[in-house]
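Report on the structure given below.
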Amino acid sequence: MEPEIPSSLPEASPTKPDPEKPCAETAETIFAPGFTESGGLPWVFSGPQGLRAGWSVLLFVLLFSIFSAAAGFVFFHLHLIPKKENFTATGAFFGELVAVLAMAGAAALVARLEGRRILDYNLTGPRRFLHFFSGLAAGFAALSALIGALFWGGWLHFGPIALSGAAIFRLGGLWAAAFLLVGFFEEGTFRGYLQFTLTRGINFWWALGIVGALCLDLLLKSKGSGLWGVYAAALLGLFPCLILHVRKAPRSGFWQASWVTSTAFGFIHTTNNGENWIGIFAAAFIGFVFCVSVRVTGSAWWAIGCHAAWDWAETYFYGAIDSGMQPTGHYLTTSPSGNALWSGGTDGPEGSLLVLGVTLLLLVALILIYGRRESAALAAPAAGQASG
């Protein structure tokens with residue numbers, strides 16, 4: 001849907017803006033003097049691409065909080081969201097529907113203010129349907145490989161099949177719908193809106209400040225070992241991003257943004273019960289893999305499909321613990337066994353050391369399959385514009 005651009009904003013350029021272009025001149029992007037061309041907003045709020053990235057993110061978070069609270073209130077009083085925190089297909093579906101509606105509403109309003117389409121937040125690009133379905137296949141295959149490795153090592157055991165008859169298809173479809181919403185919400189937020197917006201207006205020092213604030217918040221408020229996964233993700237991205245900053249690498253804003261969104265993705269998983277530091281670090285790691293998928297495919301659709309299929313396979317098909325949550329209404333039945341370092345323990349397969357190897361293989365496969373081909377395909381239009 002093409003949003004109507006308010007008359008107070010400057011007329012949109014016919015060429016889609018490159019979110020990474022201002023990152024080569026981050027001082028001007030964040031502290032550029034003067035006003036917009038229309039004179040509507042002072043420099044502290046508006047830069048070369050309109051509303052500055054920091055204000056855009058703050059506005060998005062504020063709107064999302066308002067919309068999610070309102071939708072949650074309505075859904076709760078309609079008895080669509082259960083009072084108890086049971087991990088059921090119905091509860092997951094309506095809970096994620098609240099999040100998706102709030103995210104889409106906030107993104108739509110911010111996009112309208114910025115003179116963009118909501119699809120501009122990394123939801124366009126070539127071969128979107130193909131990437132989405134290949135992401136579905138990759139997510140199911142990767143999780144199945146992890147389950148197979150755990151079973152082979154004796155760290156996971158299969159129990160009896162838990163469903164029969166029509167319930168197999170009914171609950172399978174309902175869980176699929178729920179996890180598609182999970183993919184749309186989490187990837188639409190982190191690899192869509194936030195990745196796009198931070199890329200166009202971030203530098204190393206802003207990235208360091210945001211990541212540092214996340215770590216400080218955990219240090220002051222959280223307990224347990226899960227927070228060390230966030231610290232590890234923050235430290236692992238520190239030096240590569242610093243090197244990019246020192247070398248003034250072109251288009252480094254994408255990787256600075258990836259450091260922030262991946263660390264933040266691990267950060268939000270610290271609220272799950274039963275998570276360990278490996279599971280938290282794995283969430284940040286897979287977040288980075290999804291950022292790479294945006295880079296090599298041109299959109300977040302592969303990430304959306306992979307995320308949805310991974311969770312569906314883990315929760316419904318194999319019936320494993322998912323990020324510390326035990327599902328109700330699954331097809332197969334699995335349970336961890338042995339040393340929690342390898343089995344994942346209360347975290348489930350995502351808390352096993354083996355998940356890091358599987359995620360690394362997923363990253364390598366993604367680069368080998370899409371890297372060269374998609375980079376060349378994405379570079380062709382840019383070369384044509386430059387020659388024109």
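Labeling convention for the structure tokens: chains A, B, ... as they appear, residues from 1 per chain, ligands from 1 in order of appearance.
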Spatial neighbours of Gly125 of chain A, 9 Å, only C-alpha atoms, chain gap at least 6 places, as a ChimeraX atom specification
/A:297-300,378
Spatial neighbours of Trp277 of chain A, 7 Å, only C-alpha atoms, chain gap at least 4 places, as an MDAnalysis selection string:
chainID A and resid 225:229 281
Set the distance at 9 Å and use only C-alpha atoms: which residues neighbour Gly172 of chain A once local chain neighbours fewer than 6 positions away are removed? I'd like the list as a ChimeraX atom specification.
/A:89,312,316-317,329-331
Using only C-alpha atoms, which residue out of A:Ala232, A:Leu219, A:Val182, A:Ile367 lies closest to His307 of chain A?
A:Val182
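Among A:Leu109, A:Leu78, A:Pro250, A:Gly183, the residue with the shortest atom-to-atom distance to Leu136 of chain A, counting only C-alpha atoms, is A:Gly183.
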Neighbour list for segment 204-209 of chain A as a PyMOL selection string, cut-off 10 Å, only C-alpha atoms, skip fewer than 3 positions in-chain
chain A and resi 23+26+30+54+198+201+212-215+234+237-238+241-246+252-253+255-261
Enumerate the residues of segment 133-353 of chain A with a DSSP assignment of alpha helix (DSSP H), computed from the backbone, and present them as a PyMOL selection string.
chain A and resi 133-152+166-187+195-199+204-221+227-246+253-268+277-297+301-312+340-343
Taking only residues of segment 260-295 of chain A that have an atom at most 12 Å from an atom of segment 138-162 of chain A, what is each one's shortest atom pair and its distance in Å to one decimal, using only C-alpha atoms, in chain and number order, as CSV?
```
residue,atom,partner,partner_atom,distance
A:Ile286,CA,A:Gly139,CA,11.0
A:Val289,CA,A:Gly139,CA,11.9
A:Phe290,CA,A:Gly139,CA,11.3
A:Ser293,CA,A:Ala138,CA,11.9
```
Generate a file of the selected residues that holds C-alpha atoms, formatted as an mmCIF file, in the first residue's frame.
```
data_model
loop_
_atom_site.group_PDB
_atom_site.id
_atom_site.type_symbol
_atom_site.label_atom_id
_atom_site.label_comp_id
_atom_site.auth_asym_id
_atom_site.auth_seq_id
_atom_site.Cartn_x
_atom_site.Cartn_y
_atom_site.Cartn_z
ATOM 1 C CA ILE A 286 20.913 -16.470 14.240
ATOM 2 C CA VAL A 289 22.634 -14.790 10.040
ATOM 3 C CA PHE A 290 19.267 -13.240 9.239
ATOM 4 C CA SER A 293 20.346 -12.964 4.478
#
```
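Residues within 9 Å of Ser56 of chain A, counting only C-alpha atoms and excluding same-chain residues fewer than 3 positions away, are Leu51, Arg52, Ala53, Leu59, Phe60, Val61, Val110, Glu114 and Thr197 of chain A.
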Convert the current residue selection to file output with C-alpha atoms, as an mmCIF file, in the first residue's frame.
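File again17.cif, as written:
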```cif
data_model
loop_
_atom_site.group_PDB
_atom_site.id
_atom_site.type_symbol
_atom_site.label_atom_id
_atom_site.label_comp_id
_atom_site.auth_asym_id
_atom_site.auth_seq_id
_atom_site.Cartn_x
_atom_site.Cartn_y
_atom_site.Cartn_z
ATOM 1 C CA LEU A 51 13.266 12.276 10.001
ATOM 2 C CA ARG A 52 16.495 11.232 11.684
ATOM 3 C CA ALA A 53 16.940 7.553 12.456
ATOM 4 C CA LEU A 59 8.628 7.085 17.673
ATOM 5 C CA PHE A 60 8.269 3.506 16.466
ATOM 6 C CA VAL A 61 8.879 2.113 19.968
ATOM 7 C CA VAL A 110 6.317 6.088 10.780
ATOM 8 C CA GLU A 114 8.922 9.594 6.418
ATOM 9 C CA THR A 197 16.326 2.587 9.802
#
```
From A:Ala308, A:Leu194, A:Ala320, A:Leu363, residue lying nearest Asn122 of chain A [only C-alpha atoms]
A:Leu194
Can you tell me, as a PyMOL selection string, what residues are no more than 8 Å from Met325 of chain A when counting only C-alpha atoms, ignoring any on the same chain fewer than 4 positions away?
chain A and resi 87+272-274+321+347
